[in-house]
>>> print(open('data_9.csv').read())   # CSV, C-alpha atoms
chain,number,residue,atom,x,y,z
H,76,MET,CA,31.8,-8.5,-88.3
H,77,ASP,CA,32.4,-11.3,-90.8
H,78,LEU,CA,30.0,-14.1,-90.0
H,79,ASN,CA,31.6,-16.4,-92.5
H,80,LEU,CA,34.8,-16.0,-90.7
H,81,ILE,CA,33.2,-17.2,-87.5
H,82,LYS,CA,31.6,-20.1,-89.3
H,83,LYS,CA,35.0,-21.1,-90.7
H,84,LEU,CA,36.6,-20.9,-87.3
H,85,VAL,CA,33.8,-23.0,-85.7
H,86,LYS,CA,34.3,-25.6,-88.5
H,87,ILE,CA,38.1,-25.7,-88.0
H,88,LEU,CA,37.5,-26.1,-84.2
H,89,GLU,CA,34.9,-28.9,-84.7
H,90,THR,CA,37.2,-30.9,-86.9
H,91,SER,CA,40.4,-30.5,-85.0
H,92,GLU,CA,41.8,-31.2,-81.6
H,93,VAL,CA,42.4,-27.5,-80.9
H,94,THR,CA,40.2,-26.3,-78.1
H,95,ASP,CA,40.2,-22.6,-78.8
H,96,ILE,CA,41.1,-20.0,-81.4
H,97,GLU,CA,41.4,-16.3,-80.8
H,98,ILE,CA,41.9,-13.7,-83.5
H,99,GLU,CA,41.9,-9.9,-83.5
H,100,GLU,CA,41.0,-7.8,-86.5
H,101,ASN,CA,40.3,-4.0,-86.7
H,102,GLY,CA,39.7,-3.9,-82.9
H,103,THR,CA,37.2,-6.7,-82.9
H,104,LYS,CA,38.3,-9.8,-81.0
H,105,ILE,CA,36.8,-13.1,-81.8
H,106,LYS,CA,37.3,-16.1,-79.6
H,107,VAL,CA,35.9,-19.5,-80.5
H,108,ALA,CA,36.4,-22.3,-77.9
H,109,LYS,CA,35.0,-25.7,-77.2
H,110,LYS,CA,34.3,-27.3,-73.9
H,111,VAL,CA,34.2,-31.1,-74.4
H,112,ARG,CA,32.3,-32.1,-71.3
H,113,VAL,CA,29.3,-29.8,-71.4
H,114,ALA,CA,28.7,-29.5,-75.2
H,115,PRO,CA,30.7,-30.3,-78.3
H,116,ALA,CA,31.7,-26.6,-78.5
H,117,VAL,CA,31.2,-23.4,-76.7
H,118,GLN,CA,31.5,-20.2,-78.7
H,119,THR,CA,32.4,-16.9,-77.2
H,120,ILE,CA,32.3,-13.6,-79.1
H,121,ASN,CA,33.8,-10.6,-77.4
H,122,THR,CA,32.9,-7.2,-78.8
H,123,VAL,CA,33.9,-5.6,-75.5
H,124,PRO,CA,36.8,-7.6,-74.1
H,125,SER,CA,35.7,-7.2,-70.4
H,126,GLN,CA,32.1,-8.5,-71.1
H,127,PRO,CA,32.3,-12.0,-72.4
H,128,ALA,CA,29.0,-13.5,-73.6
H,129,ALA,CA,29.0,-17.2,-73.7
H,130,VAL,CA,26.7,-18.8,-76.2
H,131,SER,CA,26.2,-22.5,-76.5
H,132,VAL,CA,26.9,-24.3,-79.7
H,133,GLN,CA,23.3,-25.2,-80.6
H,134,GLN,CA,23.2,-21.7,-82.0
H,135,THR,CA,26.2,-22.0,-84.3
H,136,GLU,CA,24.1,-23.2,-87.2
H,137,ASP,CA,22.2,-20.0,-87.2
H,138,LEU,CA,24.6,-17.2,-86.3
H,139,LYS,CA,22.2,-14.3,-86.4
H,140,PRO,CA,20.8,-14.9,-82.9
H,141,VAL,CA,24.3,-15.1,-81.6
H,142,GLU,CA,25.1,-11.6,-82.9
H,143,LYS,CA,21.8,-10.2,-81.6
H,144,LYS,CA,22.4,-11.7,-78.2
H,145,THR,CA,25.8,-10.2,-78.0
H,146,THR,CA,24.5,-6.8,-78.7
H,147,GLU,CA,21.7,-7.2,-76.1
H,148,GLU,CA,24.0,-8.3,-73.4
H,149,THR,CA,26.4,-5.5,-74.1
H,150,ALA,CA,23.5,-3.1,-73.8
H,151,GLU,CA,22.4,-4.7,-70.6
H,152,THR,CA,25.7,-5.0,-69.0
H,153,ASN,CA,24.4,-3.8,-65.6
H,154,LEU,CA,21.9,-6.7,-65.5
H,155,HIS,CA,22.5,-9.6,-63.1
H,156,THR,CA,22.3,-13.1,-64.7
H,157,VAL,CA,21.0,-16.1,-62.7
H,158,ARG,CA,22.3,-19.3,-64.1
H,159,SER,CA,21.4,-23.0,-63.6
H,160,PRO,CA,23.6,-24.8,-61.1
H,161,ILE,CA,22.6,-28.2,-62.6
H,162,VAL,CA,21.7,-30.0,-65.8
H,163,GLY,CA,17.9,-30.6,-65.8
H,164,THR,CA,14.5,-29.3,-66.7
H,165,PHE,CA,13.4,-25.8,-66.0
H,166,TYR,CA,10.1,-25.2,-64.2
H,167,ARG,CA,8.6,-21.8,-63.5
H,168,ALA,CA,6.0,-23.2,-61.0
H,169,PRO,CA,6.0,-25.8,-58.2
H,170,ALA,CA,3.4,-28.0,-59.9
H,171,PRO,CA,1.9,-28.2,-63.4
H,172,ASP,CA,-1.3,-26.3,-62.4
H,173,ALA,CA,0.3,-23.8,-60.0
H,174,ASP,CA,1.0,-20.1,-60.7
H,175,PRO,CA,4.6,-19.2,-61.7
H,176,TYR,CA,6.9,-18.2,-59.0
H,177,VAL,CA,7.8,-14.9,-60.7
H,178,GLN,CA,6.8,-13.0,-63.8
H,179,VAL,CA,8.7,-10.4,-65.8
H,180,GLY,CA,8.4,-7.1,-64.0
H,181,ASP,CA,8.2,-8.6,-60.5
H,182,VAL,CA,10.4,-7.1,-57.8
H,183,VAL,CA,12.3,-9.8,-56.0
H,184,SER,CA,14.6,-9.8,-53.0
H,185,VAL,CA,17.5,-12.1,-51.9
H,186,GLY,CA,15.9,-15.4,-51.1
H,187,THR,CA,12.8,-15.1,-53.4
H,188,VAL,CA,12.3,-18.4,-55.2
H,189,LEU,CA,12.6,-17.8,-59.0
H,190,CYS,CA,12.2,-21.3,-60.4
H,191,ILE,CA,12.9,-25.0,-60.0
H,192,VAL,CA,15.4,-27.0,-62.0
H,193,GLU,CA,14.7,-30.7,-61.8
H,194,ALA,CA,17.0,-33.7,-62.5
H,195,MET,CA,16.3,-37.3,-61.4
H,196,LYS,CA,13.8,-36.5,-58.7
H,197,LEU,CA,16.0,-33.7,-57.4
H,198,MET,CA,14.1,-30.5,-57.2
H,199,ASN,CA,16.5,-27.6,-57.0
H,200,GLU,CA,14.8,-24.3,-56.0
H,201,ILE,CA,16.8,-21.4,-57.3
H,202,GLU,CA,16.5,-18.3,-55.2
H,203,SER,CA,17.4,-14.8,-56.2
H,204,ASP,CA,20.8,-13.7,-54.9
H,205,VAL,CA,20.1,-10.0,-55.5
H,206,ASN,CA,17.4,-7.5,-54.8
H,207,GLY,CA,15.9,-6.3,-58.1
H,208,LYS,CA,13.4,-6.5,-60.8
H,209,ILE,CA,13.0,-9.4,-63.3
H,210,VAL,CA,13.8,-8.1,-66.7
H,211,LYS,CA,13.8,-11.3,-68.7
H,212,ILE,CA,13.1,-15.0,-68.4
H,213,LEU,CA,15.4,-16.7,-70.8
H,214,VAL,CA,14.0,-20.3,-70.8
H,215,GLU,CA,10.5,-21.6,-71.5
H,216,ASN,CA,8.7,-23.7,-68.9
H,217,GLY,CA,9.5,-27.4,-69.2
H,218,LYS,CA,12.6,-27.0,-71.3
H,219,PRO,CA,15.9,-28.7,-70.7
H,220,VAL,CA,18.8,-26.6,-69.4
H,221,GLU,CA,22.5,-27.2,-69.3
H,222,TYR,CA,24.9,-26.5,-66.4
H,223,ASN,CA,25.5,-22.7,-66.1
H,224,GLN,CA,22.9,-21.7,-68.7
H,225,PRO,CA,21.5,-18.2,-68.1
H,226,LEU,CA,17.9,-18.4,-66.8
H,227,PHE,CA,16.9,-14.9,-65.6
H,228,LEU,CA,18.1,-11.3,-66.1
H,229,ILE,CA,17.5,-9.2,-63.1
H,230,GLN,CA,18.0,-5.4,-62.9
H,231,PRO,CA,19.5,-4.8,-59.5
H,232,MET,CA,17.8,-2.3,-57.3
S,166,MET,CA,6.1,-45.4,-30.7
S,167,PHE,CA,9.6,-44.9,-32.1
S,168,GLU,CA,12.2,-45.9,-29.4
S,169,ILE,CA,15.0,-43.5,-29.9
S,170,GLU,CA,17.3,-45.5,-27.6
S,171,ASN,CA,17.0,-48.6,-29.8
S,172,PHE,CA,17.8,-46.5,-32.8
S,173,ASP,CA,20.7,-44.8,-31.2
S,174,ILE,CA,22.4,-48.0,-30.1
S,175,LYS,CA,22.5,-49.2,-33.7
S,176,LEU,CA,23.6,-45.9,-35.3
S,177,ASN,CA,27.2,-46.2,-36.3
S,178,THR,CA,27.9,-42.9,-38.2
S,179,ASP,CA,30.1,-39.9,-37.9
S,180,PHE,CA,27.6,-37.3,-38.8
S,181,ILE,CA,24.4,-38.6,-40.5
S,182,GLY,CA,21.7,-38.8,-37.9
S,183,ARG,CA,23.9,-37.6,-35.0
S,184,ASN,CA,21.6,-34.6,-34.7
S,185,PHE,CA,18.2,-36.4,-34.6
S,186,ILE,CA,14.8,-34.7,-34.4
S,187,TYR,CA,11.7,-36.8,-33.8
S,188,VAL,CA,8.3,-35.2,-34.3
S,189,GLU,CA,4.8,-36.6,-34.0
S,190,GLU,CA,3.4,-34.5,-36.8
S,191,ILE,CA,4.8,-32.0,-39.4
S,192,ASP,CA,3.7,-30.6,-42.8
S,193,SER,CA,6.7,-32.1,-44.6
S,194,THR,CA,10.1,-33.2,-43.2
S,195,ASN,CA,11.7,-31.9,-46.5
S,196,SER,CA,10.2,-28.5,-46.3
S,197,PHE,CA,11.2,-28.2,-42.6
S,198,LEU,CA,14.9,-28.9,-43.3
S,199,LEU,CA,15.0,-26.9,-46.6
S,200,ASN,CA,13.8,-23.7,-44.9
S,201,ARG,CA,16.8,-21.9,-43.5
S,202,ASN,CA,14.6,-19.8,-41.3
S,203,ASN,CA,14.0,-22.9,-39.1
S,204,GLY,CA,17.6,-22.5,-37.9
S,205,ILE,CA,18.7,-26.1,-38.5
S,206,ASN,CA,22.1,-26.0,-40.2
S,207,ILE,CA,24.0,-29.0,-38.8
S,208,SER,CA,24.9,-31.2,-41.7
S,209,GLY,CA,23.6,-34.8,-41.2
S,210,THR,CA,20.6,-33.7,-39.2
S,211,VAL,CA,17.7,-36.2,-39.6
S,212,VAL,CA,14.1,-35.3,-39.0
S,213,LEU,CA,11.7,-38.3,-38.5
S,214,ALA,CA,8.0,-37.6,-38.5
S,215,GLU,CA,5.3,-40.1,-37.5
S,216,LYS,CA,2.8,-38.2,-39.6
S,217,GLN,CA,3.3,-35.7,-42.5
S,218,THR,CA,0.2,-33.6,-43.3
S,219,LYS,CA,1.8,-32.5,-46.6
S,220,GLY,CA,4.1,-35.4,-47.5
S,221,ARG,CA,4.9,-35.2,-51.2
S,222,GLY,CA,6.7,-36.6,-54.1
S,223,ARG,CA,7.5,-35.2,-57.6
S,224,LYS,CA,5.3,-32.4,-58.8
S,225,ASP,CA,3.6,-32.1,-55.5
S,226,ARG,CA,2.2,-35.6,-55.8
S,227,VAL,CA,1.0,-36.7,-52.3
S,228,TRP,CA,2.9,-39.3,-50.4
S,229,TYR,CA,0.5,-41.3,-48.2
S,230,SER,CA,1.8,-43.0,-45.1
S,231,SER,CA,0.0,-44.5,-42.1
S,232,LYS,CA,1.0,-43.1,-38.8
S,233,GLU,CA,3.6,-44.9,-36.7
S,234,GLN,CA,3.9,-47.8,-39.2
S,235,ASN,CA,6.5,-46.5,-41.7
S,236,LEU,CA,9.6,-44.4,-41.9
S,237,THR,CA,9.2,-40.9,-43.3
S,238,PHE,CA,12.3,-38.9,-42.7
S,239,SER,CA,14.7,-36.3,-44.3
S,240,ILE,CA,18.4,-35.9,-44.1
S,241,LEU,CA,20.0,-32.5,-44.3
S,242,LEU,CA,23.4,-32.0,-46.1
S,243,SER,CA,24.5,-28.5,-45.5
S,244,LYS,CA,27.5,-26.9,-47.3
S,245,GLU,CA,28.9,-30.2,-48.3
S,246,TYR,CA,30.2,-28.5,-51.5
S,247,LYS,CA,32.4,-31.5,-52.6
S,248,LEU,CA,29.4,-33.8,-52.5
S,249,PHE,CA,27.1,-31.2,-54.2
S,250,GLU,CA,29.3,-31.6,-57.3
S,251,HIS,CA,27.7,-35.1,-57.6
S,252,LEU,CA,24.0,-34.5,-56.7
S,253,ASN,CA,22.8,-37.4,-58.8
S,254,LEU,CA,25.1,-39.7,-57.0
S,255,ILE,CA,23.7,-38.6,-53.7
S,256,ASN,CA,20.4,-39.5,-55.1
S,257,PHE,CA,21.6,-43.0,-56.1
S,258,SER,CA,23.3,-43.4,-52.7
S,259,ALA,CA,20.0,-42.9,-50.9
S,260,SER,CA,18.3,-45.6,-52.9
S,261,LEU,CA,21.2,-48.0,-52.6
S,262,ALA,CA,21.3,-47.4,-48.8
S,263,VAL,CA,17.6,-48.3,-48.5
S,264,ALA,CA,17.8,-51.3,-50.9
S,265,ASN,CA,20.9,-52.8,-49.2
S,266,SER,CA,19.5,-52.2,-45.7
S,267,ILE,CA,16.3,-54.2,-46.6
S,268,GLU,CA,18.4,-57.0,-48.1
S,269,ASN,CA,20.8,-57.1,-45.2
S,270,LEU,CA,18.2,-57.1,-42.4
S,271,TYR,CA,15.4,-59.2,-44.0
S,272,GLN,CA,16.9,-61.1,-46.9
S,273,LEU,CA,14.3,-59.7,-49.2
S,274,ARG,CA,15.5,-59.2,-52.8
S,275,THR,CA,15.2,-55.5,-53.9
S,276,GLU,CA,15.7,-53.8,-57.2
S,277,LEU,CA,16.0,-50.2,-58.2
S,278,LYS,CA,13.9,-48.3,-60.7
S,279,TRP,CA,15.3,-45.2,-62.3
S,280,PRO,CA,16.1,-42.8,-60.8
S,281,ASN,CA,15.6,-43.9,-57.2
S,282,ASP,CA,12.6,-46.0,-56.3
S,283,VAL,CA,13.2,-49.2,-54.4
S,284,LEU,CA,11.1,-52.2,-55.4
S,285,ILE,CA,10.4,-55.5,-53.8
S,286,ASN,CA,8.7,-58.0,-56.2
S,287,LYS,CA,8.3,-55.2,-58.7
S,288,LYS,CA,6.3,-53.1,-56.2
S,289,LYS,CA,7.3,-49.8,-54.7
S,290,THR,CA,8.4,-49.9,-51.1
S,291,CYS,CA,10.4,-46.7,-51.0
S,292,GLY,CA,10.2,-43.3,-52.7
S,293,ILE,CA,12.9,-40.7,-52.5
S,294,LEU,CA,12.7,-37.0,-53.3
S,295,LEU,CA,15.6,-34.7,-53.1
S,296,GLU,CA,15.2,-31.0,-52.7
S,297,SER,CA,18.0,-28.5,-52.8
S,298,SER,CA,18.2,-24.8,-52.7
S,299,SER,CA,20.6,-22.4,-54.3
S,300,GLN,CA,20.9,-18.7,-54.0
S,301,GLY,CA,21.8,-17.8,-57.6
S,302,SER,CA,24.0,-20.6,-58.8
S,303,LYS,CA,25.5,-21.8,-55.5
S,304,ILE,CA,23.8,-24.8,-53.9
S,305,ASP,CA,24.2,-24.7,-50.2
S,306,ARG,CA,21.8,-27.2,-48.8
S,307,VAL,CA,20.4,-30.5,-50.0
S,308,VAL,CA,17.6,-32.4,-48.3
S,309,VAL,CA,17.1,-36.1,-49.0
S,310,GLY,CA,13.6,-37.1,-48.2
S,311,ILE,CA,12.9,-40.8,-47.9
S,312,GLY,CA,9.6,-42.6,-47.3
S,313,VAL,CA,9.8,-46.4,-46.7
S,314,ASN,CA,6.7,-48.5,-46.4
S,315,VAL,CA,7.6,-50.7,-43.4
S,316,ASN,CA,4.8,-52.1,-41.3
S,317,GLN,CA,1.8,-50.9,-43.3
S,318,SER,CA,-0.4,-53.9,-44.0
S,319,MET,CA,-2.6,-52.6,-46.7
S,320,PHE,CA,-2.8,-49.8,-49.3
S,321,GLN,CA,-6.0,-48.3,-50.5
S,322,GLY,CA,-6.6,-45.9,-53.3
S,323,GLN,CA,-4.9,-45.2,-56.7
S,324,PHE,CA,-1.2,-45.2,-57.1
S,325,ASN,CA,1.2,-44.3,-59.9
S,326,TYR,CA,3.0,-47.5,-59.2
S,327,PRO,CA,1.7,-50.5,-57.2
S,328,PRO,CA,2.9,-50.2,-53.6
S,329,THR,CA,4.0,-52.8,-51.0
S,330,SER,CA,5.6,-52.8,-47.6
S,331,ILE,CA,8.4,-54.8,-45.9
S,332,ARG,CA,5.7,-56.4,-43.7
S,333,ILE,CA,3.6,-57.5,-46.7
S,334,GLU,CA,6.6,-59.1,-48.4
S,335,LEU,CA,8.1,-60.6,-45.3
S,336,GLY,CA,4.9,-61.7,-43.5
S,337,ARG,CA,5.8,-60.1,-40.2
S,338,GLU,CA,6.4,-56.7,-38.6
S,339,VAL,CA,9.9,-55.4,-38.3
S,340,GLU,CA,11.7,-53.0,-36.0
S,341,ARG,CA,11.7,-49.5,-37.5
S,342,GLU,CA,14.5,-48.2,-35.2
S,343,LYS,CA,16.9,-50.9,-36.5
S,344,LEU,CA,16.0,-50.3,-40.1
S,345,LEU,CA,16.5,-46.5,-39.9
S,346,ALA,CA,19.9,-46.9,-38.2
S,347,GLU,CA,20.9,-49.4,-40.9
S,348,ILE,CA,19.8,-47.0,-43.7
S,349,LEU,CA,21.7,-44.1,-42.2
S,350,ASN,CA,24.8,-46.2,-41.7
S,351,ASN,CA,24.7,-47.3,-45.3
S,352,PHE,CA,24.0,-43.8,-46.6
S,353,GLU,CA,27.0,-42.4,-44.9
S,354,PHE,CA,29.1,-45.2,-46.3
S,355,TYR,CA,28.0,-44.4,-49.9
S,356,LEU,CA,28.5,-40.6,-49.4
S,357,GLY,CA,32.1,-41.5,-48.6
S,358,LYS,CA,32.4,-43.5,-51.7
S,359,ILE,CA,31.1,-40.5,-53.8
S,360,LEU,CA,34.2,-38.6,-52.8
S,361,THR,CA,36.7,-41.4,-53.1
S,362,GLU,CA,35.3,-43.7,-55.9
S,363,PRO,CA,32.3,-42.2,-57.6
S,364,ALA,CA,32.2,-45.0,-60.2
S,365,TYR,CA,31.5,-47.5,-57.4
S,366,ILE,CA,28.1,-45.9,-56.9
S,367,THR,CA,27.0,-46.1,-60.6
S,368,ARG,CA,28.3,-49.7,-60.8
S,369,GLU,CA,26.4,-50.8,-57.7
S,370,TRP,CA,23.3,-49.0,-58.9
S,371,LYS,CA,23.4,-50.7,-62.3
S,372,GLU,CA,23.8,-54.1,-60.7
S,373,LYS,CA,20.5,-53.5,-58.8
S,374,CYS,CA,18.6,-52.1,-61.8
S,375,LYS,CA,16.9,-54.8,-63.7
S,376,MET,CA,15.4,-52.5,-66.3
S,377,ILE,CA,18.7,-52.0,-68.2
S,378,GLY,CA,18.4,-53.6,-71.7
S,379,GLU,CA,14.6,-53.7,-71.5
S,380,LYS,CA,12.1,-51.9,-73.7
S,381,ILE,CA,10.7,-49.0,-71.7
S,382,TYR,CA,8.7,-45.9,-72.0
S,383,VAL,CA,9.4,-42.6,-70.2
S,384,LYS,CA,6.4,-40.4,-69.4
S,385,GLU,CA,6.8,-36.8,-68.5
S,386,GLY,CA,3.6,-34.8,-68.6
S,387,ASP,CA,2.0,-35.5,-71.9
S,388,ILE,CA,5.2,-36.6,-73.6
S,389,VAL,CA,5.9,-40.3,-73.9
S,390,LYS,CA,9.2,-41.6,-75.2
S,391,ASN,CA,9.8,-45.2,-76.2
S,392,GLY,CA,13.0,-47.0,-76.5
S,393,ILE,CA,15.5,-49.4,-74.9
S,394,PHE,CA,17.0,-48.5,-71.5
S,395,ASP,CA,20.6,-48.6,-72.9
S,396,ASP,CA,22.6,-47.5,-69.9
S,397,ILE,CA,23.1,-44.7,-67.4
S,398,ASP,CA,25.9,-42.1,-67.9
S,399,ASN,CA,28.5,-41.1,-65.3
S,400,GLU,CA,26.2,-38.5,-63.9
S,401,GLY,CA,23.3,-41.0,-63.6
S,402,PHE,CA,21.2,-39.8,-66.4
S,403,LEU,CA,19.2,-42.5,-68.3
S,404,LEU,CA,20.4,-43.2,-71.9
S,405,LEU,CA,17.4,-44.2,-74.0
S,406,LYS,CA,18.1,-45.8,-77.3
S,407,THR,CA,15.6,-44.7,-79.8
S,408,LYS,CA,15.2,-44.8,-83.6
S,409,ASN,CA,17.1,-41.5,-83.8
S,410,GLY,CA,20.0,-42.6,-81.6
S,411,ILE,CA,20.8,-42.2,-77.9
S,412,GLU,CA,18.8,-39.7,-76.0
S,413,LYS,CA,19.8,-38.5,-72.5
S,414,ILE,CA,16.8,-38.5,-70.1
S,415,THR,CA,17.0,-36.3,-67.0
S,416,ILE,CA,13.4,-36.6,-65.7
S,417,GLY,CA,10.3,-38.7,-66.1
S,418,ASP,CA,8.4,-41.8,-64.9
S,419,VAL,CA,9.9,-45.0,-66.3
S,420,SER,CA,7.9,-48.1,-67.0
S,421,ILE,CA,8.6,-51.4,-68.8
S,422,VAL,CA,6.6,-51.9,-72.0
>>> encode(input="data_9.csv", output="structure tokens")
Amino acid sequence: MDLNLIKKLVKILETSEVTDIEIEENGTKIKVAKKVRVAPAVQTINTVPSQPAAVSVQQTEDLKPVEKKTTEETAETNLHTVRSPIVGTFYRAPAPDADPYVQVGDVVSVGTVLCIVEAMKLMNEIESDVNGKIVKILVENGKPVEYNQPLFLIQPM
Amino acid sequence: MFEIENFDIKLNTDFIGRNFIYVEEIDSTNSFLLNRNNGINISGTVVLAEKQTKGRGRKDRVWYSSKEQNLTFSILLSKEYKLFEHLNLINFSASLAVANSIENLYQLRTELKWPNDVLINKKKTCGILLESSSQGSKIDRVVVGIGVNVNQSMFQGQFNYPPTSIRIELGREVEREKLLAEILNNFEFYLGKILTEPAYITREWKEKCKMIGEKIYVKEGDIVKNGIFDDIDNEGFLLLKTKNGIEKITIGDVSIV
């Protein structure tokens, strides 16, 4: 895949009023789109058309992780992603000195509390919506998260 | 003793507080309503407790309240998906409801401290903590926990922010039943506004916040950010003007420099 091509497309998008560009070349489809409300631009790269991987624009400056992530998510297509329902701050434990709700490798069931996302004194407990095993925790404790940002990858069981 | 009849006669709502649960003692009214296993699913349900053994605020900070002198209660909003698109405005609505109720009933001037503390004479008289739960990404219940210092005459100990009560500021005891009904009436009014005119909420909130334009610092854990409280955005987040530009603040304790 030509990374410079993606960079060029992102640049065109950023400086124009067009909201998305989609091109297909040698069986690889590249779609670059921006969503004005959430972030200046949201970039989507599809190597497999049915498995879109949305990556936020913060990563456009360094395109290598984007590529890596796409490969990972393609390899882990059967994983369930838990996303943040709100904009806020991600916490893995109920209080600064408490143990995390879950660790990588833990088996969780529907209703198990995974984390808290806080915004303006609203503490939102996110429970698992599947039975499975925690494969990856995608955000560090105490970091800001955007709406719909992936937080956990769970292997359904 | 809380006289439910005196409360009921003043309640003028369609759904907030229509299902009313009064308990002498409970661990936390928020935890009780948040837990689906307790079987309470009627939206608008209010639980009032005379004593909470584990009343709390942000980050499990303890909320102290003397028995039978104050109002500590929680309101359940269940499956109100349209409202849940504006969670931060629900938050503002709760603080506006309390502030306006105190002004209407006792003619005490109140102000709001971001995001949702209600102050009288720069001292805290009400704290609010919202808790919600989502399975995966779908939020299906939101609990609004409100603690109002009503008739408590003194506060001992160390506090993050200096406390006061309506009684201390007014110089007399007040009727808790009437105040609770007024708060719930106002809260339902503001919830309606969220759906029809969301800008009304942020406008009202800004009018009651005296910190906008002031030099403030925002403390969250070990991190302190300094700047000018520039404004709030449409979603209620604090916009802090710093040397590096405008920064959006989603959490933290705000104080004037």
>>> atom_distance(input="data_9.csv", atom1="CA of Ile205 in chain S", atom2="CA of Thr361 in chain S")
27.8 Å
>>> residues_near_point(input="data_9.csv", point="(34.3, -33.6, -55.6)", cutoff="12 Å", atoms="all atoms listed in the file", output="JSON list (two decimals) with C-alpha atoms, in the coordinates of the input")
[["chain", "number", "residue", "atom", "x", "y", "z"],
["S", 245, "GLU", "CA", 28.90, -30.20, -48.30],
["S", 246, "TYR", "CA", 30.20, -28.50, -51.50],
["S", 247, "LYS", "CA", 32.40, -31.50, -52.60],
["S", 248, "LEU", "CA", 29.40, -33.80, -52.50],
["S", 249, "PHE", "CA", 27.10, -31.20, -54.20],
["S", 250, "GLU", "CA", 29.30, -31.60, -57.30],
["S", 251, "HIS", "CA", 27.70, -35.10, -57.60],
["S", 252, "LEU", "CA", 24.00, -34.50, -56.70],
["S", 254, "LEU", "CA", 25.10, -39.70, -57.00],
["S", 255, "ILE", "CA", 23.70, -38.60, -53.70],
["S", 356, "LEU", "CA", 28.50, -40.60, -49.40],
["S", 357, "GLY", "CA", 32.10, -41.50, -48.60],
["S", 358, "LYS", "CA", 32.40, -43.50, -51.70],
["S", 359, "ILE", "CA", 31.10, -40.50, -53.80],
["S", 360, "LEU", "CA", 34.20, -38.60, -52.80],
["S", 361, "THR", "CA", 36.70, -41.40, -53.10],
["S", 362, "GLU", "CA", 35.30, -43.70, -55.90],
["S", 363, "PRO", "CA", 32.30, -42.20, -57.60]]
>>> atom_distance(input="data_9.csv", atom1="CA of His155 in chain H", atom2="CA of Val185 in chain H")
12.5 Å
>>> atom_distance(input="data_9.csv", atom1="CA of Leu198 in chain S", atom2="CA of Ser243 in chain S")
9.9 Å
>>> interface_residues(input="data_9.csv", of="chain S", to="chain H", cutoff="9 Å", atoms="all atoms listed in the file", output="ChimeraX atom specification")
/S:222-226,252-253,256,279-281,293-304,307,309,386,401-402,414-417
>>> residues_around(input="data_9.csv", residues="range 324-334 of chain S", least_positions_apart="6", cutoff="6 Å", atoms="only C-alpha atoms", output="short mmCIF file (atom, residue, chain, number, x, y, z; two decimals) with C-alpha atoms, in the frame of the given file")
data_model
loop_
_atom_site.label_atom_id
_atom_site.label_comp_id
_atom_site.auth_asym_id
_atom_site.auth_seq_id
_atom_site.Cartn_x
_atom_site.Cartn_y
_atom_site.Cartn_z
CA LYS S 288 6.30 -53.10 -56.20
CA LYS S 289 7.30 -49.80 -54.70
CA THR S 290 8.40 -49.90 -51.10
CA ASN S 314 6.70 -48.50 -46.40
CA VAL S 315 7.60 -50.70 -43.40
CA ASN S 316 4.80 -52.10 -41.30
#
>>> closest_residue(input="data_9.csv", among="S:Ile169, S:Ile381, S:Val188, S:Ala262", to="Phe238 in chain S", atoms="all atoms listed in the file")
S:Val188
